[in-house]
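Chemist: You'll find data_15.csv just under this line, and it carries CSV, C-alpha atoms.
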```csv
chain,number,residue,atom,x,y,z
A,1,MET,CA,-9.7,1.2,6.3
A,2,ALA,CA,-10.7,-0.8,9.4
A,3,ARG,CA,-11.1,-4.5,8.8
A,4,ARG,CA,-14.6,-5.7,9.4
A,5,ALA,CA,-14.9,-8.9,11.5
A,6,THR,CA,-17.5,-10.8,9.6
A,7,ALA,CA,-18.3,-14.2,8.4
A,8,GLY,CA,-17.0,-15.5,5.1
A,9,ALA,CA,-19.3,-15.0,2.2
A,10,SER,CA,-18.0,-17.9,0.1
A,11,GLY,CA,-17.4,-20.4,2.8
A,12,SER,CA,-13.7,-19.8,3.2
A,13,GLY,CA,-11.8,-21.2,6.1
A,14,SER,CA,-12.1,-19.7,9.6
A,15,ALA,CA,-9.8,-17.0,10.8
A,16,GLY,CA,-6.5,-18.5,11.8
A,17,GLY,CA,-3.7,-17.3,13.9
A,18,GLY,CA,-3.8,-20.1,16.5
A,19,GLY,CA,-0.5,-21.6,15.4
A,20,VAL,CA,0.3,-25.3,14.9
A,21,ALA,CA,3.1,-27.4,16.3
A,22,GLY,CA,6.3,-27.7,14.2
A,23,GLY,CA,10.0,-27.7,14.2
A,24,ALA,CA,12.4,-28.9,16.8
A,25,GLY,CA,12.1,-28.4,20.5
A,26,GLY,CA,8.4,-27.8,20.4
A,27,SER,CA,8.6,-24.6,18.5
A,28,ARG,CA,5.5,-23.5,16.7
A,29,VAL,CA,4.7,-21.9,13.4
A,30,LYS,CA,1.9,-19.3,13.5
A,31,GLY,CA,-1.0,-20.0,11.2
A,32,ALA,CA,-2.3,-17.5,8.7
A,33,ARG,CA,-5.3,-15.4,9.4
A,34,ARG,CA,-7.8,-15.9,6.6
A,35,PRO,CA,-9.9,-13.2,5.0
A,36,GLU,CA,-13.4,-12.7,6.2
A,37,VAL,CA,-15.4,-11.3,3.4
A,38,ARG,CA,-19.1,-10.5,3.7
A,39,LEU,CA,-20.3,-8.8,0.6
A,40,PRO,CA,-23.2,-6.3,0.5
A,41,PRO,CA,-26.0,-6.6,-2.1
A,42,LEU,CA,-24.2,-6.0,-5.3
A,43,GLU,CA,-25.1,-4.0,-8.3
A,44,PRO,CA,-24.2,-5.3,-11.8
A,45,HIS,CA,-21.4,-3.5,-13.5
A,46,GLY,CA,-23.0,-1.4,-16.3
A,47,GLY,CA,-20.4,-2.4,-18.9
A,48,GLY,CA,-17.8,-0.2,-20.4
A,49,GLU,CA,-14.1,-0.3,-20.2
A,50,LEU,CA,-12.0,-0.1,-17.0
A,51,GLU,CA,-10.7,3.4,-16.2
A,52,PRO,CA,-7.3,4.4,-14.8
A,53,ASP,CA,-7.8,5.3,-11.1
A,54,GLY,CA,-11.5,4.2,-11.4
A,55,ASP,CA,-13.5,3.6,-8.2
A,56,TYR,CA,-15.6,0.5,-8.1
A,57,ASP,CA,-17.7,-0.2,-5.0
A,58,GLY,CA,-20.2,-2.9,-4.4
A,59,LEU,CA,-20.3,-4.2,-8.0
A,60,GLU,CA,-20.5,-7.6,-9.7
A,61,PHE,CA,-18.5,-8.0,-12.9
A,62,LEU,CA,-19.9,-11.0,-14.7
A,63,GLU,CA,-18.0,-12.5,-17.6
A,64,ALA,CA,-16.6,-9.2,-18.6
A,65,ASP,CA,-13.8,-9.0,-21.2
A,66,PHE,CA,-11.1,-6.6,-19.9
A,67,ALA,CA,-8.4,-7.8,-22.2
A,68,GLY,CA,-5.9,-5.1,-23.0
A,69,GLN,CA,-7.7,-2.5,-21.0
A,70,ASP,CA,-6.1,0.0,-18.6
A,71,GLY,CA,-7.3,0.1,-15.0
A,72,ALA,CA,-4.1,1.2,-13.4
A,73,GLY,CA,-4.6,2.6,-9.9
A,74,ALA,CA,-8.2,1.5,-9.8
A,75,ARG,CA,-9.9,0.6,-6.5
A,76,PHE,CA,-12.2,-2.4,-6.2
A,77,MET,CA,-14.0,-2.6,-2.8
A,78,ASP,CA,-16.7,-5.1,-1.9
A,79,CYS,CA,-16.7,-6.4,-5.5
A,80,VAL,CA,-17.0,-9.7,-7.2
A,81,LEU,CA,-15.2,-10.5,-10.5
A,82,ARG,CA,-16.7,-13.6,-11.9
A,83,SER,CA,-15.4,-15.4,-15.0
A,84,CYS,CA,-13.7,-12.3,-16.3
A,85,ALA,CA,-10.9,-12.2,-19.0
A,86,LEU,CA,-7.8,-10.3,-17.9
A,87,ASP,CA,-5.4,-10.9,-20.8
A,88,GLU,CA,-2.8,-8.2,-20.8
A,89,THR,CA,-5.0,-6.1,-18.6
A,90,ARG,CA,-3.1,-3.2,-16.9
A,91,LEU,CA,-4.0,-3.1,-13.2
A,92,HIS,CA,-0.7,-1.7,-12.0
A,93,HIS,CA,-1.0,-0.2,-8.5
A,94,ALA,CA,-4.7,-1.3,-8.3
A,95,ARG,CA,-6.4,-2.1,-4.9
A,96,PHE,CA,-8.7,-5.0,-4.3
A,97,LEU,CA,-10.3,-4.8,-0.9
A,98,ASP,CA,-12.9,-7.1,0.7
A,99,SER,CA,-13.5,-8.7,-2.7
A,100,VAL,CA,-13.8,-12.1,-4.4
A,101,LEU,CA,-12.3,-13.0,-7.8
A,102,THR,CA,-13.6,-16.3,-9.1
A,103,GLY,CA,-12.9,-18.1,-12.3
A,104,ILE,CA,-10.8,-15.3,-13.7
A,105,ARG,CA,-8.5,-16.0,-16.6
A,106,GLY,CA,-5.7,-14.2,-18.4
A,107,VAL,CA,-2.2,-14.2,-19.7
A,108,GLY,CA,0.2,-11.3,-18.9
A,109,THR,CA,-2.1,-9.6,-16.4
A,110,ASP,CA,-0.2,-6.6,-14.8
A,111,LEU,CA,-0.9,-6.4,-11.1
A,112,ALA,CA,2.5,-5.0,-10.2
A,113,GLU,CA,2.6,-3.0,-6.9
A,114,SER,CA,-1.0,-3.7,-6.4
A,115,THR,CA,-2.7,-4.3,-3.0
A,116,LEU,CA,-4.9,-7.3,-2.2
A,117,ARG,CA,-6.4,-7.2,1.3
A,118,ASP,CA,-9.2,-9.5,2.5
A,119,VAL,CA,-9.4,-11.2,-0.9
A,120,GLU,CA,-10.4,-14.6,-2.1
A,121,LEU,CA,-9.0,-15.7,-5.5
A,122,ILE,CA,-10.8,-18.9,-6.5
A,123,ASP,CA,-10.2,-21.2,-9.5
A,124,ALA,CA,-8.1,-18.8,-11.4
A,125,ARG,CA,-6.4,-19.7,-14.7
A,126,LEU,CA,-3.5,-17.3,-15.1
A,127,GLY,CA,-0.2,-17.2,-16.9
A,128,GLY,CA,2.7,-14.8,-16.5
A,129,VAL,CA,0.8,-12.6,-14.0
A,130,GLN,CA,2.8,-9.8,-12.7
A,131,LEU,CA,2.5,-9.2,-8.9
A,132,HIS,CA,6.0,-8.0,-8.3
A,133,GLY,CA,6.2,-5.4,-5.5
A,134,ALA,CA,2.6,-6.2,-4.5
A,135,ALA,CA,1.2,-6.3,-1.0
A,136,LEU,CA,-1.0,-9.3,-0.2
A,137,GLU,CA,-2.6,-9.5,3.3
A,138,ARG,CA,-5.3,-11.9,4.4
A,139,VAL,CA,-5.6,-13.5,1.0
A,140,VAL,CA,-6.7,-17.0,0.0
A,141,ILE,CA,-5.8,-18.4,-3.4
A,142,ARG,CA,-7.9,-21.6,-3.8
A,143,GLY,CA,-8.0,-23.9,-6.7
A,144,GLY,CA,-7.0,-23.2,-10.3
A,145,LYS,CA,-3.6,-23.0,-11.9
A,146,ILE,CA,-1.1,-20.1,-12.1
A,147,ASP,CA,1.9,-20.4,-14.4
A,148,TYR,CA,5.0,-18.2,-13.9
A,149,LEU,CA,3.6,-16.1,-11.1
A,150,ASN,CA,5.9,-13.1,-10.5
A,151,LEU,CA,6.0,-12.2,-6.8
A,152,ARG,CA,9.5,-10.7,-6.8
A,153,THR,CA,9.9,-8.2,-3.9
A,154,ALA,CA,6.3,-8.7,-2.9
A,155,VAL,CA,5.1,-8.7,0.7
A,156,LEU,CA,2.8,-11.6,1.6
A,157,LYS,CA,1.3,-11.7,5.1
A,158,ASP,CA,-1.4,-14.1,6.1
A,159,VAL,CA,-1.7,-15.7,2.7
A,160,VAL,CA,-3.0,-19.3,2.0
A,161,PHE,CA,-2.4,-21.2,-1.2
A,162,GLU,CA,-4.9,-24.0,-1.1
A,163,SER,CA,-5.5,-26.8,-3.6
A,164,CYS,CA,-3.9,-24.9,-6.5
A,165,VAL,CA,-1.1,-25.5,-8.9
A,166,LEU,CA,1.8,-23.0,-9.1
A,167,VAL,CA,4.3,-23.6,-11.9
A,168,GLU,CA,7.6,-21.8,-11.5
A,169,PRO,CA,6.5,-19.1,-9.1
A,170,ASP,CA,9.1,-16.4,-8.5
A,171,PHE,CA,9.4,-15.3,-4.8
A,172,GLY,CA,12.8,-13.6,-5.4
A,173,GLY,CA,13.4,-11.0,-2.8
A,174,ALA,CA,9.9,-11.4,-1.4
A,175,ARG,CA,8.9,-11.3,2.3
A,176,LEU,CA,6.6,-14.1,3.4
A,177,GLU,CA,5.1,-14.1,6.9
A,178,ARG,CA,2.4,-16.5,8.1
A,179,VAL,CA,2.0,-18.1,4.6
A,180,GLU,CA,0.5,-21.6,4.3
A,181,PHE,CA,0.6,-24.1,1.4
A,182,VAL,CA,-2.3,-26.5,1.7
A,183,ASP,CA,-2.8,-29.5,-0.6
A,184,CYS,CA,-1.2,-27.5,-3.5
A,185,THR,CA,1.5,-28.2,-6.1
A,186,LEU,CA,4.6,-26.0,-6.0
A,187,LYS,CA,6.8,-26.7,-9.1
A,188,GLY,CA,10.2,-25.1,-9.6
A,189,ALA,CA,9.8,-22.3,-7.0
A,190,ASP,CA,12.4,-19.6,-6.9
A,191,LEU,CA,13.2,-18.3,-3.4
A,192,THR,CA,16.3,-16.4,-4.2
A,193,ALA,CA,16.9,-13.7,-1.6
A,194,ALA,CA,13.4,-14.3,-0.1
A,195,THR,CA,12.7,-13.9,3.6
A,196,LEU,CA,10.5,-16.4,5.3
A,197,LYS,CA,8.8,-16.3,8.7
A,198,ASP,CA,6.2,-18.8,9.9
A,199,VAL,CA,5.8,-20.3,6.4
A,200,ASP,CA,4.2,-23.7,6.5
A,201,LEU,CA,5.1,-25.9,3.6
A,202,ARG,CA,4.1,-29.2,5.1
A,203,GLY,CA,0.7,-29.4,3.4
A,204,ALA,CA,2.2,-29.0,-0.1
A,205,ALA,CA,1.4,-32.1,-2.2
A,206,VAL,CA,4.4,-31.4,-4.4
A,207,LEU,CA,7.3,-29.2,-3.2
A,208,GLU,CA,10.0,-28.4,-5.8
A,209,ILE,CA,12.6,-25.6,-5.0
A,210,ALA,CA,14.5,-24.7,-8.1
A,211,ARG,CA,16.6,-21.9,-6.6
A,212,GLY,CA,17.0,-20.3,-3.2
A,213,ILE,CA,17.0,-23.5,-1.1
A,214,ASP,CA,19.2,-21.7,1.4
A,215,ARG,CA,16.3,-19.3,2.1
A,216,LEU,CA,14.1,-21.9,3.7
A,217,ALA,CA,15.1,-20.7,7.2
A,218,GLY,CA,11.8,-19.6,8.8
A,219,ALA,CA,9.8,-22.3,7.1
A,220,VAL,CA,8.6,-25.7,8.4
A,221,ILE,CA,8.6,-28.8,6.2
A,222,SER,CA,7.7,-32.4,6.8
A,223,PRO,CA,10.2,-35.3,7.2
A,224,SER,CA,9.2,-36.7,3.8
A,225,GLN,CA,9.7,-33.3,2.2
A,226,LEU,CA,13.2,-33.1,3.8
A,227,LEU,CA,14.1,-36.4,2.1
A,228,ASP,CA,12.8,-35.2,-1.2
A,229,LEU,CA,14.8,-32.0,-0.9
A,230,ALA,CA,18.0,-33.7,0.3
A,231,PRO,CA,19.7,-33.8,-3.1
A,232,VAL,CA,19.1,-30.1,-3.6
A,233,LEU,CA,20.3,-29.3,0.0
A,234,ALA,CA,23.4,-31.5,-0.5
A,235,ALA,CA,24.3,-29.7,-3.7
A,236,GLU,CA,23.8,-26.3,-2.0
A,237,VAL,CA,26.3,-27.0,0.7
A,238,GLY,CA,28.7,-28.9,-1.6
A,239,ILE,CA,28.1,-32.4,-0.3
A,240,ARG,CA,28.9,-35.2,-2.7
A,241,VAL,CA,26.6,-38.2,-2.2
A,242,GLU,CA,28.0,-41.4,-3.6
A,243,GLY,CA,27.2,-45.0,-3.0
```
Using C-alpha coordinates, write down the structure from this file.
Modeler:
Amino acid sequence: MARRATAGASGSGSAGGGGVAGGAGGSRVKGARRPEVRLPPLEPHGGGELEPDGDYDGLEFLEADFAGQDGAGARFMDCVLRSCALDETRLHHARFLDSVLTGIRGVGTDLAESTLRDVELIDARLGGVQLHGAALERVVIRGGKIDYLNLRTAVLKDVVFESCVLVEPDFGGARLERVEFVDCTLKGADLTAATLKDVDLRGAAVLEIARGIDRLAGAVISPSQLLDLAPVLAAEVGIRVEG
(Lines of atoms letter the chains of each structure in order from A and count residues from 1; the text may use other names and numbers.)
(Lines give C-alpha, C1' and ligand atoms only; values in the text may rest on other atoms or scores of the structure.)
Protein backbone atom coordinates (compact mmCIF):
# COMPACT_ATOMS: atom_id res chain seq x y z
CA MET A 1 0.00 0.00 0.00
CA ALA A 2 1.42 3.38 -0.95
CA ARG A 3 1.88 5.70 1.96
CA ARG A 4 -0.24 8.83 1.79
CA ALA A 5 1.59 12.11 2.43
CA THR A 6 -0.96 13.84 4.65
CA ALA A 7 -1.13 15.99 7.73
CA GLY A 8 -1.26 14.38 11.18
CA ALA A 9 -4.77 13.82 12.50
CA SER A 10 -3.93 13.90 16.18
CA GLY A 11 -1.33 16.63 16.11
CA SER A 12 1.66 14.32 16.04
CA GLY A 13 5.10 15.66 15.26
CA SER A 14 6.18 16.60 11.80
CA ALA A 15 7.83 14.20 9.47
CA GLY A 16 11.45 13.78 10.37
CA GLY A 17 14.44 12.53 8.50
CA GLY A 18 16.50 15.69 8.62
CA GLY A 19 19.06 14.30 11.03
CA VAL A 20 20.65 15.99 14.01
CA ALA A 21 24.22 16.45 15.03
CA GLY A 22 25.79 13.85 17.26
CA GLY A 23 28.83 11.73 17.86
CA ALA A 24 32.47 12.48 17.30
CA GLY A 25 33.91 14.16 14.28
CA GLY A 26 30.67 15.89 13.29
CA SER A 27 28.89 12.65 12.43
CA ARG A 28 25.12 12.79 12.38
CA VAL A 29 22.31 10.54 13.49
CA LYS A 30 19.35 10.42 11.13
CA GLY A 31 16.05 11.42 12.70
CA ALA A 32 13.00 9.18 12.58
CA ARG A 33 10.25 9.88 10.10
CA ARG A 34 7.01 10.20 12.02
CA PRO A 35 3.68 8.81 10.91
CA GLU A 36 1.30 11.09 9.10
CA VAL A 37 -2.22 9.87 9.75
CA ARG A 38 -5.30 11.55 8.31
CA LEU A 39 -8.36 9.54 9.11
CA PRO A 40 -11.49 9.55 6.93
CA PRO A 41 -14.94 9.96 8.50
CA LEU A 42 -15.27 6.91 10.70
CA GLU A 43 -18.16 4.54 11.22
CA PRO A 44 -18.76 3.18 14.72
CA HIS A 45 -17.92 -0.46 15.17
CA GLY A 46 -21.18 -2.34 15.36
CA GLY A 47 -20.14 -4.49 18.30
CA GLY A 48 -19.49 -8.18 18.28
CA GLU A 49 -16.28 -10.05 18.84
CA LEU A 50 -13.11 -9.79 16.85
CA GLU A 51 -12.75 -12.34 14.09
CA PRO A 52 -9.58 -14.13 12.97
CA ASP A 53 -8.46 -12.61 9.65
CA GLY A 54 -11.15 -9.97 10.03
CA ASP A 55 -11.02 -6.87 7.81
CA TYR A 56 -11.75 -3.59 9.61
CA ASP A 57 -11.66 -0.42 7.53
CA GLY A 58 -12.56 3.12 8.61
CA LEU A 59 -14.03 2.11 11.96
CA GLU A 60 -13.98 3.59 15.45
CA PHE A 61 -13.83 1.12 18.32
CA LEU A 62 -14.96 2.98 21.42
CA GLU A 63 -14.46 1.43 24.88
CA ALA A 64 -14.77 -2.06 23.44
CA ASP A 65 -13.85 -5.03 25.64
CA PHE A 66 -11.87 -7.48 23.53
CA ALA A 67 -10.42 -9.40 26.48
CA GLY A 68 -9.61 -12.98 25.54
CA GLN A 69 -10.86 -12.64 21.96
CA ASP A 70 -9.11 -13.94 18.85
CA GLY A 71 -8.35 -11.45 16.09
CA ALA A 72 -5.26 -13.20 14.76
CA GLY A 73 -4.40 -12.06 11.24
CA ALA A 74 -6.94 -9.24 11.31
CA ARG A 75 -6.35 -6.02 9.36
CA PHE A 76 -7.17 -2.60 10.81
CA MET A 77 -6.89 0.22 8.28
CA ASP A 78 -7.84 3.86 8.91
CA CYS A 79 -9.19 2.88 12.33
CA VAL A 80 -9.27 4.32 15.83
CA LEU A 81 -9.24 2.13 18.91
CA ARG A 82 -10.18 4.32 21.84
CA SER A 83 -10.12 3.16 25.50
CA CYS A 84 -10.40 -0.49 24.51
CA ALA A 85 -9.51 -3.46 26.75
CA LEU A 86 -7.05 -5.94 25.22
CA ASP A 87 -6.33 -8.32 28.10
CA GLU A 88 -5.05 -11.61 26.65
CA THR A 89 -6.38 -10.57 23.25
CA ARG A 90 -4.88 -12.64 20.42
CA LEU A 91 -3.77 -10.38 17.59
CA HIS A 92 -0.92 -12.52 16.31
CA HIS A 93 0.08 -11.49 12.78
CA ALA A 94 -2.45 -8.63 12.77
CA ARG A 95 -1.88 -5.48 10.70
CA PHE A 96 -2.51 -1.94 11.90
CA LEU A 97 -2.19 0.56 9.06
CA ASP A 98 -2.77 4.34 9.18
CA SER A 99 -4.49 3.97 12.55
CA VAL A 100 -4.57 5.53 16.03
CA LEU A 101 -4.74 3.53 19.26
CA THR A 102 -5.42 5.76 22.22
CA GLY A 103 -5.99 4.89 25.86
CA ILE A 104 -5.86 1.15 25.24
CA ARG A 105 -5.13 -1.11 28.19
CA GLY A 106 -4.35 -4.76 28.66
CA VAL A 107 -2.15 -7.47 30.11
CA GLY A 108 -0.72 -10.26 27.98
CA THR A 109 -1.85 -8.84 24.64
CA ASP A 110 -0.45 -11.01 21.84
CA LEU A 111 0.76 -8.91 18.92
CA ALA A 112 3.58 -11.25 17.93
CA GLU A 113 4.68 -10.98 14.29
CA SER A 114 2.20 -8.16 13.72
CA THR A 115 2.73 -5.14 11.47
CA LEU A 116 2.29 -1.55 12.64
CA ARG A 117 2.79 1.04 9.90
CA ASP A 118 1.88 4.72 10.18
CA VAL A 119 0.44 4.19 13.66
CA GLU A 120 0.11 6.39 16.74
CA LEU A 121 -0.11 4.60 20.10
CA ILE A 122 -1.13 7.15 22.72
CA ASP A 123 -1.41 6.85 26.52
CA ALA A 124 -1.41 3.06 26.54
CA ARG A 125 -1.38 1.08 29.78
CA LEU A 126 -0.02 -2.34 28.85
CA GLY A 127 1.79 -5.16 30.61
CA GLY A 128 3.54 -8.17 29.13
CA VAL A 129 2.56 -7.25 25.60
CA GLN A 130 4.06 -9.60 23.01
CA LEU A 131 5.51 -7.86 19.96
CA HIS A 132 8.30 -10.32 19.24
CA GLY A 133 9.00 -10.72 15.55
CA ALA A 134 6.84 -7.68 14.77
CA ALA A 135 7.54 -4.98 12.18
CA LEU A 136 7.07 -1.35 13.29
CA GLU A 137 7.52 1.40 10.71
CA ARG A 138 6.68 5.07 11.19
CA VAL A 139 5.22 4.53 14.65
CA VAL A 140 4.95 6.97 17.55
CA ILE A 141 4.41 5.61 21.06
CA ARG A 142 3.49 8.65 23.14
CA GLY A 143 2.63 8.77 26.84
CA GLY A 144 1.45 5.92 29.01
CA LYS A 145 3.35 3.03 30.52
CA ILE A 146 4.30 -0.37 29.12
CA ASP A 147 5.72 -3.03 31.43
CA TYR A 148 7.76 -5.97 30.11
CA LEU A 149 7.43 -5.09 26.44
CA ASN A 150 8.66 -8.04 24.36
CA LEU A 151 10.24 -6.81 21.11
CA ARG A 152 12.65 -9.70 20.65
CA THR A 153 13.74 -10.10 16.99
CA ALA A 154 11.38 -7.28 15.99
CA VAL A 155 12.28 -4.73 13.31
CA LEU A 156 11.79 -1.08 14.29
CA LYS A 157 12.28 1.56 11.61
CA ASP A 158 11.35 5.21 12.11
CA VAL A 159 9.93 4.68 15.60
CA VAL A 160 9.65 7.35 18.31
CA PHE A 161 9.12 6.62 22.01
CA GLU A 162 7.95 9.91 23.49
CA SER A 163 7.04 10.84 27.09
CA CYS A 164 6.35 7.22 27.99
CA VAL A 165 7.63 4.78 30.61
CA LEU A 166 9.10 1.46 29.48
CA VAL A 167 9.85 -0.99 32.28
CA GLU A 168 12.23 -3.84 31.37
CA PRO A 169 11.67 -3.71 27.62
CA ASP A 170 13.28 -6.62 25.77
CA PHE A 171 14.95 -5.68 22.48
CA GLY A 172 16.90 -8.95 22.30
CA GLY A 173 17.93 -9.70 18.73
CA ALA A 174 15.87 -6.76 17.43
CA ARG A 175 16.94 -4.38 14.66
CA LEU A 176 16.46 -0.69 15.40
CA GLU A 177 16.98 1.94 12.70
CA ARG A 178 16.15 5.61 13.10
CA VAL A 179 14.62 5.13 16.54
CA GLU A 180 14.31 8.04 18.98
CA PHE A 181 13.67 8.14 22.73
CA VAL A 182 12.28 11.55 23.66
CA ASP A 183 11.62 12.52 27.29
CA CYS A 184 10.87 8.91 28.17
CA THR A 185 11.95 6.57 30.95
CA LEU A 186 13.81 3.42 29.93
CA LYS A 187 14.27 1.06 32.88
CA GLY A 188 16.21 -2.19 32.75
CA ALA A 189 16.37 -2.46 28.96
CA ASP A 190 17.73 -5.67 27.41
CA LEU A 191 19.70 -5.08 24.20
CA THR A 192 21.23 -8.55 23.97
CA ALA A 193 22.19 -9.30 20.33
CA ALA A 194 20.31 -6.20 19.14
CA THR A 195 21.49 -4.20 16.11
CA LEU A 196 21.26 -0.42 16.33
CA LYS A 197 21.59 2.17 13.58
CA ASP A 198 20.85 5.87 14.03
CA VAL A 199 19.30 5.29 17.45
CA ASP A 200 19.07 8.51 19.47
CA LEU A 201 18.97 7.95 23.23
CA ARG A 202 19.97 11.45 24.25
CA GLY A 203 16.43 12.56 24.98
CA ALA A 204 15.72 9.72 27.41
CA ALA A 205 14.99 11.14 30.87
CA VAL A 206 16.12 7.85 32.45
CA LEU A 207 18.38 5.37 30.65
CA GLU A 208 19.06 2.01 32.32
CA ILE A 209 20.63 -0.83 30.34
CA ALA A 210 20.39 -4.14 32.19
CA ARG A 211 21.92 -6.35 29.48
CA GLY A 212 23.55 -5.86 26.12
CA ILE A 213 25.51 -2.71 26.89
CA ASP A 214 27.97 -3.87 24.24
CA ARG A 215 25.28 -3.46 21.58
CA LEU A 216 25.14 0.34 21.89
CA ALA A 217 27.29 0.75 18.77
CA GLY A 218 25.09 2.65 16.33
CA ALA A 219 23.44 4.69 19.08
CA VAL A 220 24.16 8.21 20.28
CA ILE A 221 24.03 9.16 23.97
CA SER A 222 24.73 12.35 25.89
CA PRO A 223 27.85 13.01 28.01
CA SER A 224 25.78 12.78 31.21
CA GLN A 225 24.33 9.43 30.10
CA LEU A 226 27.86 8.19 29.43
CA LEU A 227 28.77 9.00 33.02
CA ASP A 228 25.67 7.21 34.30
CA LEU A 229 26.48 4.13 32.22
CA ALA A 230 30.18 4.14 33.10
CA PRO A 231 29.92 1.45 35.83
CA VAL A 232 28.06 -0.90 33.50
CA LEU A 233 30.50 -0.22 30.67
CA ALA A 234 33.46 -0.80 32.99
CA ALA A 235 32.00 -4.10 34.16
CA GLU A 236 31.40 -5.17 30.56
CA VAL A 237 35.07 -4.76 29.61
CA GLY A 238 36.38 -6.03 32.92
CA ILE A 239 37.70 -2.77 34.32
CA ARG A 240 38.01 -2.57 38.09
CA VAL A 241 37.30 0.87 39.47
CA GLU A 242 38.72 1.47 42.93
CA GLY A 243 39.42 4.60 44.86
Chemist: With all atoms listed in the file as the basis for distance, which of A:Arg117, A:Arg125, A:Ile213, A:Gly73 is at the shortest distance from Val237 of chain A?
Modeler: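 Between A:Arg117, A:Arg125, A:Ile213, A:Gly73, the residue approaching Val237 of chain A most closely is A:Ile213.
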Chemist: In Å, rounded to a single decimal, give me how far atom CA of Gly133 of chain A is from atom CA of Glu49 of chain A.
Modeler: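 We find that atom CA of Glu49 of chain A and atom CA of Gly133 of chain A lie 25.6 Å from each other.
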Chemist: How many Å separate atom CA of Ser83 of chain A from atom CA of Leu50 of chain A?
Modeler: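 Separation between atom CA of Ser83 of chain A and atom CA of Leu50 of chain A: 15.8 Å.
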Chemist: Quick one: distance from atom CA of Ser99 of chain A to atom CA of Asp170 of chain A in Å, one decimal?
Modeler: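 Answer for the atom CA of Ser99 of chain A to atom CA of Asp170 of chain A separation: 24.6 Å.
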Chemist: Pick out the residues sitting within 9 Å of Gln225 of chain A, and hand them over as a list of chain:residue names; count only C-alpha atoms, and ignore anything fewer than 3 positions along from it in its own chain.
Modeler: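 Answer for this query is A:Leu201, A:Arg202, A:Ala204, A:Val206, A:Leu207, A:Ile221, A:Ser222, A:Asp228, A:Leu229, A:Ala230.
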Chemist: So, with all atoms listed in the file as the atoms that count, which of A:Lys197, A:Arg28, A:His93, A:Arg175 lies closest to Phe76 of chain A?
Modeler: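 Under the stated criterion, the closest residue is A:His93.
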